[in-house]
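For reference, the structure discussed in these notes is given below.
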Amino acid sequence: MNITDRPSKDNDPLGQGIQLAQAFEEATWIHKDSSPQASYIPNSWTSINRKQYRRLPRVDLSGLRSPYQDNELSKVFENRSSKRQFSPEPIALETVSTMLATVASTRNEEPPSRVYPSAGLRWPIEWYLAAINVASLEAGVYHYESFDRQLETLKIGNPWNELSEALSMQSIERPSALLILTSVFHRSWIKYGIRGSRYAYLEAGAAAMSLNIVAVEANISVVWLGGFVDSAISKILDINWKMELETPVLCLALGHPI
């Protein structure tokens, strides 16, 4: 029986939870006619709230240094930042391949695994590549088959016009590619019920940060994009929420730094 066909009764909490989870996901979608277009940025959007326990004793860590503080990985973290403007220079296909192989590929072991964690090894996150300016790769939309480390061609043709409309609330210039992370939620729901949504988002964040760190090492700039018209991205990827319970959760714009 399909997971979405489960009865929603008191004696079937999993079915009830899944229906709640579906409703929650749909309620968070941005639609074309409701995408935020602020003419100004209020202070409440940019001010950082700081939590402190002023009346409690403190342990000062600011002067303590570890032998690991100056290693190469620490420097990579220090150099990580979000960039919204990119150079017109194309990304090499070898660079894209290396980043995906390092982060998104599935290890040939039992049970299969990747470099980032997944609750219960359910692996709801799928990776798609929207190639705009990738050397030696025809512009188009691809799915990354993580076991064989291959790009599966979904659509040929520069996807930037469609993507820029779906990302109209974002301010980005000249990305060479977008990596789009989707979640096939039923993989987590079937084991964890409604809490599986939380685990899927945790996995997406861990996956994206892993890719971001690899990109810094390759001198590729990245910006995370969480605001987009969900149905438009789904159309570009040719995925169907009702049939597959798959929806985009995060876009990563990539390019050479200016």
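How things are named: the first chain in the structure tokens is A, the next is B, and so on; residues count from 1 in each chain; ligands count from 1 in the order shown.
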task: For range 22-26 of chain A, work out the shell of residues within 10 Å, counting only C-alpha atoms and skipping chain neighbours fewer than 6 positions away, then give it as a ChimeraX atom specification.
output: /A:4,185-186,194,197,230,241-242,245,247,249
field: Neighbour list for Arg174 in chain A as a list of chain:residue names, cut-off 9 Å, only C-alpha atoms, skip fewer than 4 positions in-chain
entry: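 Listed by chain and then number, they are A:Arg84, A:Gln85, A:Phe86, A:Ser87, A:Pro88, A:Ile132, A:Asn133, A:Gly255.
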Per residue of range 22-110 of chain A within 10 Å of range 148-158 of chain A, note the shortest atom pair and the distance in Å to one decimal, counting only C-alpha atoms, and order the rows by chain and increasing residue number, as a Markdown table.
| residue | atom | partner | partner_atom | distance |
| --- | --- | --- | --- | --- |
| A:Ser97 | CA | A:Arg149 | CA | 8.3 |
| A:Leu100 | CA | A:Arg149 | CA | 8.0 |
| A:Ala101 | CA | A:Arg149 | CA | 6.6 |
| A:Ala104 | CA | A:Arg149 | CA | 8.7 |
| A:Ser105 | CA | A:Arg149 | CA | 6.2 |
| A:Thr106 | CA | A:Arg149 | CA | 8.2 |
| A:Arg107 | CA | A:Asp148 | CA | 9.9 |
| A:Asn108 | CA | A:Asp148 | CA | 9.6 |
query: Could you pull the residues within 12 Å of Glu246 in chain A, counting only C-alpha atoms, minus those fewer than 5 positions along the same chain, as a list in words?
result: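 Surrounding residues, per the criterion: Gln22, Glu25, Glu26, Pro124, Ile125, Glu126, Trp127, Leu181, Thr182, Ser183, Val184, Phe185, His186, Arg187, Ser188, Ser197, Ala200, Asp230, Ser231, Ile233, Ser234, Lys235, Leu237, Asp238, Ile239, Asn240 and Trp241 of chain A.
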Limited to C-alpha atoms, could you put the picked residues into a file as a PDB file, in the first residue's frame?
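File written: again-v4.pdb
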ATOM      1  CA  GLN A  22       2.040  16.732   4.102  1.00  0.00           C
ATOM      2  CA  GLU A  25       5.024  21.075   3.833  1.00  0.00           C
ATOM      3  CA  GLU A  26       2.339  22.470   1.537  1.00  0.00           C
ATOM      4  CA  PRO A 124      15.622  11.356   1.707  1.00  0.00           C
ATOM      5  CA  ILE A 125      17.818  14.005   0.049  1.00  0.00           C
ATOM      6  CA  GLU A 126      18.290  13.921  -3.730  1.00  0.00           C
ATOM      7  CA  TRP A 127      20.733  16.087  -5.689  1.00  0.00           C
ATOM      8  CA  LEU A 181      18.457  19.553  -2.985  1.00  0.00           C
ATOM      9  CA  THR A 182      15.069  17.896  -2.795  1.00  0.00           C
ATOM     10  CA  SER A 183      13.580  15.689  -0.122  1.00  0.00           C
ATOM     11  CA  VAL A 184      11.654  12.496  -0.844  1.00  0.00           C
ATOM     12  CA  PHE A 185       9.854  12.754   2.464  1.00  0.00           C
ATOM     13  CA  HIS A 186       8.152   9.373   2.514  1.00  0.00           C
ATOM     14  CA  ARG A 187      11.552   7.709   2.956  1.00  0.00           C
ATOM     15  CA  SER A 188      11.718   9.282   6.413  1.00  0.00           C
ATOM     16  CA  SER A 197      10.352  15.900   8.275  1.00  0.00           C
ATOM     17  CA  ALA A 200      15.045  15.388   6.402  1.00  0.00           C
ATOM     18  CA  ASP A 230       8.359  25.746  -4.984  1.00  0.00           C
ATOM     19  CA  SER A 231       6.105  24.719  -7.858  1.00  0.00           C
ATOM     20  CA  ILE A 233      11.478  24.588  -9.150  1.00  0.00           C
ATOM     21  CA  SER A 234       9.538  21.324  -9.126  1.00  0.00           C
ATOM     22  CA  LYS A 235       8.481  21.926 -12.729  1.00  0.00           C
ATOM     23  CA  LEU A 237      13.128  19.281 -12.128  1.00  0.00           C
ATOM     24  CA  ASP A 238      10.075  17.415 -13.432  1.00  0.00           C
ATOM     25  CA  ILE A 239       9.136  16.132  -9.969  1.00  0.00           C
ATOM     26  CA  ASN A 240       5.593  15.612  -8.722  1.00  0.00           C
ATOM     27  CA  TRP A 241       4.710  16.173  -5.075  1.00  0.00           C
TER      28      TRP A 241
END
task: Compile the contact shell of Leu225 in chain A as a list of chain:residue names: residues with an atom at most 10 Å away, counting only C-alpha atoms, same-chain residues fewer than 5 positions apart removed.
output: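 The residues satisfying every condition are A:Arg84, A:Leu167, A:Met169, A:Gln170, A:Ser171, A:Ile172, A:Leu178, A:Ile180, A:Val249, A:Leu250, A:Cys251, A:Leu252, A:Ala253.
Coordinates place CA of Val115 in chain A at a distance of 18.2 Å from CA of Ser74 in chain A.
With CA of Arg195 in chain A on one side and CA of Gln19 in chain A on the other, the separation reads 12.1 Å.
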task: Just list the residues in range 132-207 of chain A DSSP gives alpha helix (DSSP H) on the backbone, as a ChimeraX atom specification.
output: /A:160-166,186-192,196-207
Prev. selection, C-alpha atoms, output as a compact mmCIF listing (two decimals), in the first residue's frame:
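For reference, part28.txt as written:
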# COMPACT_ATOMS: atom_id res chain seq x y z
CA TRP A 160 18.58 30.20 -16.09
CA ASN A 161 15.51 32.08 -17.36
CA GLU A 162 13.17 29.66 -15.59
CA LEU A 163 15.37 29.57 -12.49
CA SER A 164 15.67 33.35 -12.23
CA GLU A 165 11.89 33.64 -12.28
CA ALA A 166 11.54 30.98 -9.59
CA HIS A 186 8.15 9.37 2.51
CA ARG A 187 11.55 7.71 2.96
CA SER A 188 11.72 9.28 6.41
CA TRP A 189 8.00 9.29 7.19
CA ILE A 190 7.65 5.55 6.73
CA LYS A 191 10.02 5.02 9.67
CA TYR A 192 9.64 8.13 11.83
CA GLY A 196 10.81 12.42 9.76
CA SER A 197 10.35 15.90 8.27
CA ARG A 198 12.68 17.32 10.90
CA TYR A 199 15.28 14.68 10.14
CA ALA A 200 15.04 15.39 6.40
CA TYR A 201 15.76 19.08 6.93
CA LEU A 202 18.63 18.26 9.27
CA GLU A 203 20.09 16.06 6.54
CA ALA A 204 19.68 18.78 3.92
CA GLY A 205 21.57 21.24 6.11
CA ALA A 206 24.38 18.77 6.80
CA ALA A 207 24.61 17.92 3.10
